[in-house]
Amino acid sequence: MRFKVCVYAICKNELKYIDDWVKSMSEADWICVLDTGSTDGTVERLRELGCIVGQQEVKPWRFDVARNLSMELIPAEADICVSTDMDEILEPGWREKLEQHWKPGSIQGRYRYTWNFNDDGTEGTVFLYDKIHCNHDFKWVNPVHEVLHYTGDAPHTMVALPGIQLNHYADPNKSRSQYLPLLELAVEENPNNDRNLHYLGREYMFYRRWNDAIEMLKRHLALPTSTWREERCASMRFIGRCYEGLGQQNSAMEYYWKAIAEAPALREPYVEMAKLLYRQEDWFGVLFIVDKVLKIRTRTGSYICEADAWGSLPYDIASMAFFHIGNIPMALNMARGAHDKAPLDARINKNIELFELLVQKQDEINERTAVAGIPSISIPERRLNSAAAYDLIGKDGAAATAADNILATYGGAEQRPSSERTLPTDTPAADLNTKAAFPQLSGSRKSGGDILSGDSVPAPSARPSCSDTLDGDTRAAMDAAAEASKSVEAMFAQ
């Protein structure tokens, strides 16, 4: 069946986006835009490209008011309305997919949305969007993070729209300063709106207002209407991040466990816990949690998801946990898994080179000690703890720098957490993927060279001797080989 389709949007000074946006929306019958005060030629260019353009300033500014005004531009004969922003692009062929799946009587449609992209071009946060709807019987509500509200009498049927893909290419320099006061206004207008309480608590977290965020997020959790488990889980995760920002690790861990219990089918709460255990250097804890993460293979489609949980991070921190407990082959295996998710990450690629070298050296040492009749210094699975690994590669020259790079990135065994240790904190961010206090990994794709360097990392010679930290089996093996220490030392040097 042939439906009449209208795309509509709001804009202000969006000239740099217009041509690409209009081209992607041109499969519609009409493109309608409400301009709210452009001074850069946006209005003129939109009209040149055949768009229906209205002009009206909205004071005081509210997103819902602006979007409702833009809906007034939609022709009455339109059947389906598609709401997008200027920095969003619909992939070609969307009109055909829309008409294929939209049925008479359909009220609203759900389709795939990529909210952001990683620096290597791979998808970041992905979820299902629902801003395609029938004409009439809808209005936008909430001053910010506005949503469509259905006002009709017919049953509110939601139709799946497979094959439609909307991509978001946000301008990182665009200010987000208006979001906080608008969210505070939203909560003031409706203090029992659980969604707005959650959003405001998250916004306080972005600005490191830890106590304000904790209070607001706990208010969200206490509301009787707060029943959506994914959103409750996110509030618990954010409370945990705030407690970390305050240096209260035990409280943070409490809320991460609560988040896991609230929504055990989500990766995100496990990843929060894995990060905390990583910072505490609880390597076996990290591996236990990452195992849970990787067994979850299906996304729910909700917007409450984070790119890190589905990218290289779980493999990356597991590889370093294996490294620190001395299981170099598994460290290599997990580093290769991280590489599959982030093939251009220079630090991960450097880690793979180092682990391959360590496995090769350990094989050579085992072979030579066996030929010489010297008891092996490795325990089953060729385990080699991190201090011993540094002693080994420290004698390899070129590998020593790579060893320092790993410790600079993740923090070494000598950097034990203590009650006096100052935890790193979040920086204000403009998206759902705000990293928790985990600066060693954040932004690694942007500048692998910068992250791999670090003046605070001691040289290999300053590291604790492997004999100080060896496990019992390895210590016994080395004691038995004490008389042959010179021979073993020579083998390490090759």
# chains A, B, ... in the order shown; residues from 1 in each chain; ligands from 1
$ residues_around --residues "region 214-228 of chain A" --least-positions-apart "3" --cutoff "9 Å" --atoms "only C-alpha atoms" --output "JSON, numbers by chain"
{"A": [192, 193, 194, 195, 196, 197, 198, 199, 200, 201, 202, 204, 205, 209, 210, 211, 231, 232, 233, 235, 236, 238, 239, 240, 242, 243]}
$ select_by_dssp --residues "region 16-138 of chain A" --states "strand (DSSP E)" --output "PyMOL selection string"
chain A and resi 30-35+52-55+80-83+88-90+108-114+126-134+138
$ select_by_dssp --residues "region 105-241 of chain A" --states "helix (DSSP H, G or I)" --output "ChimeraX atom specification"
/A:179-189,194-206,210-222,229-241
$ write_last_selection --atoms "C-alpha atoms" --output "PDB file, in the first residue's frame"
ATOM      1  CA  TYR A 179      20.060  20.365  29.576  1.00  0.00           C
ATOM      2  CA  LEU A 180      20.570  20.675  33.334  1.00  0.00           C
ATOM      3  CA  PRO A 181      18.220  23.630  33.954  1.00  0.00           C
ATOM      4  CA  LEU A 182      15.618  22.103  31.639  1.00  0.00           C
ATOM      5  CA  LEU A 183      15.776  18.797  33.515  1.00  0.00           C
ATOM      6  CA  GLU A 184      15.436  20.629  36.823  1.00  0.00           C
ATOM      7  CA  LEU A 185      12.401  22.381  35.345  1.00  0.00           C
ATOM      8  CA  ALA A 186      10.948  19.048  34.238  1.00  0.00           C
ATOM      9  CA  VAL A 187      11.270  17.630  37.764  1.00  0.00           C
ATOM     10  CA  GLU A 188       9.826  20.808  39.250  1.00  0.00           C
ATOM     11  CA  GLU A 189       6.824  20.540  36.923  1.00  0.00           C
ATOM     12  CA  ASP A 194      10.247   8.617  37.387  1.00  0.00           C
ATOM     13  CA  ARG A 195      11.867   9.055  33.971  1.00  0.00           C
ATOM     14  CA  ASN A 196      12.754  12.713  34.599  1.00  0.00           C
ATOM     15  CA  LEU A 197      14.148  11.947  38.061  1.00  0.00           C
ATOM     16  CA  HIS A 198      16.412   9.340  36.498  1.00  0.00           C
ATOM     17  CA  TYR A 199      17.605  11.740  33.807  1.00  0.00           C
ATOM     18  CA  LEU A 200      18.248  14.556  36.279  1.00  0.00           C
ATOM     19  CA  GLY A 201      20.212  12.252  38.578  1.00  0.00           C
ATOM     20  CA  ARG A 202      22.303  11.137  35.616  1.00  0.00           C
ATOM     21  CA  GLU A 203      22.912  14.752  34.606  1.00  0.00           C
ATOM     22  CA  TYR A 204      24.123  15.608  38.112  1.00  0.00           C
ATOM     23  CA  MET A 205      26.490  12.657  37.827  1.00  0.00           C
ATOM     24  CA  PHE A 206      27.876  14.028  34.546  1.00  0.00           C
ATOM     25  CA  TRP A 210      27.884  13.241  43.423  1.00  0.00           C
ATOM     26  CA  ASN A 211      25.641  13.840  46.425  1.00  0.00           C
ATOM     27  CA  ASP A 212      22.933  15.571  44.369  1.00  0.00           C
ATOM     28  CA  ALA A 213      23.021  12.698  41.901  1.00  0.00           C
ATOM     29  CA  ILE A 214      22.763  10.054  44.627  1.00  0.00           C
ATOM     30  CA  GLU A 215      19.807  11.839  46.220  1.00  0.00           C
ATOM     31  CA  MET A 216      17.936  12.201  42.920  1.00  0.00           C
ATOM     32  CA  LEU A 217      18.624   8.642  41.764  1.00  0.00           C
ATOM     33  CA  LYS A 218      17.478   7.242  45.093  1.00  0.00           C
ATOM     34  CA  ARG A 219      14.310   9.299  44.723  1.00  0.00           C
ATOM     35  CA  HIS A 220      13.824   7.645  41.355  1.00  0.00           C
ATOM     36  CA  LEU A 221      14.237   4.186  42.853  1.00  0.00           C
ATOM     37  CA  ALA A 222      11.775   4.952  45.667  1.00  0.00           C
ATOM     38  CA  ARG A 229      14.123  -2.855  35.645  1.00  0.00           C
ATOM     39  CA  GLU A 230      16.600  -1.621  33.035  1.00  0.00           C
ATOM     40  CA  GLU A 231      16.175   1.983  34.140  1.00  0.00           C
ATOM     41  CA  ARG A 232      16.324   1.010  37.823  1.00  0.00           C
ATOM     42  CA  CYS A 233      19.515  -0.927  37.103  1.00  0.00           C
ATOM     43  CA  ALA A 234      21.006   2.148  35.426  1.00  0.00           C
ATOM     44  CA  SER A 235      20.149   4.332  38.440  1.00  0.00           C
ATOM     45  CA  MET A 236      21.897   1.822  40.706  1.00  0.00           C
ATOM     46  CA  ARG A 237      24.955   1.787  38.442  1.00  0.00           C
ATOM     47  CA  PHE A 238      25.097   5.579  38.452  1.00  0.00           C
ATOM     48  CA  ILE A 239      24.797   5.655  42.253  1.00  0.00           C
ATOM     49  CA  GLY A 240      27.746   3.280  42.371  1.00  0.00           C
ATOM     50  CA  ARG A 241      29.776   5.608  40.138  1.00  0.00           C
TER      51      ARG A 241
END
$ closest_residue --among "A:Leu357, A:Leu332, A:Ile304, A:Ile352" --to "Thr125 (chain A)" --atoms "only C-alpha atoms"
A:Ile304
$ closest_residue --among "A:Thr39, A:Ser26, A:Gln248, A:Thr114" --to "Gln165 (chain A)" --atoms "only C-alpha atoms"
A:Thr114
$ closest_atom_pairs --of "region 64-97 of chain A" --to "region 133-150 of chain A" --cutoff "12 Å" --atoms "only C-alpha atoms" --output "CSV"
residue,atom,partner,partner_atom,distance
A:Asp64,CA,A:Trp140,CA,5.0
A:Val65,CA,A:Trp140,CA,7.4
A:Ala66,CA,A:Trp140,CA,9.0
A:Arg67,CA,A:Trp140,CA,6.6
A:Asn68,CA,A:Trp140,CA,6.0
A:Leu69,CA,A:Trp140,CA,9.8
A:Ser70,CA,A:Trp140,CA,10.5
A:Met71,CA,A:Lys139,CA,8.5
A:Glu72,CA,A:His136,CA,9.9
A:Leu73,CA,A:Asn135,CA,11.5
A:Ile74,CA,A:Asn135,CA,8.2
A:Pro75,CA,A:Asn135,CA,9.0
A:Ala76,CA,A:Asn135,CA,7.7
A:Glu77,CA,A:Asn135,CA,8.4
A:Ala78,CA,A:Asn135,CA,6.4
A:Asp79,CA,A:Asn135,CA,5.5
A:Ile80,CA,A:Cys134,CA,4.6
A:Cys81,CA,A:His133,CA,5.3
A:Val82,CA,A:His133,CA,6.6
A:Ser83,CA,A:His133,CA,8.4
A:Thr84,CA,A:His133,CA,11.8
$ closest_residue --among "A:Asp130, A:Glu268, A:Asp308, A:Asp316" --to "Ile296 (chain A)" --atoms "only C-alpha atoms"
A:Glu268
$ residues_around --residues "Tyr270 (chain A)" --least-positions-apart "5" --cutoff "10 Å" --atoms "only C-alpha atoms" --output "list in words"
Arg237, Tyr256, Trp257, Ala259, Ile260, Ala261, Ala263, Pro264, Ala265, Lys275, Leu276, Val286, Phe288, Ile289, Val290, Asp291, Lys292, Val293, Leu294, Ala309 and Pro314 of chain A
$ closest_residue --among "A:Thr300, A:Gln360, A:Ser312, A:Asn333" --to "Asn118 (chain A)" --atoms "only C-alpha atoms"
A:Ser312
$ closest_residue --among "A:Arg279, A:Lys341, A:Arg267, A:Lys258" --to "Met320 (chain A)" --atoms "only C-alpha atoms"
A:Arg279
$ closest_residue --among "A:Gly109, A:Gln362, A:Glu353, A:Thr42" --to "Lys16 (chain A)" --atoms "only C-alpha atoms"
A:Thr42
$ residues_around --residues "Leu46 (chain A)" --least-positions-apart "6" --cutoff "8 Å" --atoms "only C-alpha atoms" --output "number ranges by chain"
A: 18, 52-53
$ atom_distance --atom1 "CA of Gln178 (chain A)" --atom2 "CA of Trp21 (chain A)"
24.3 Å
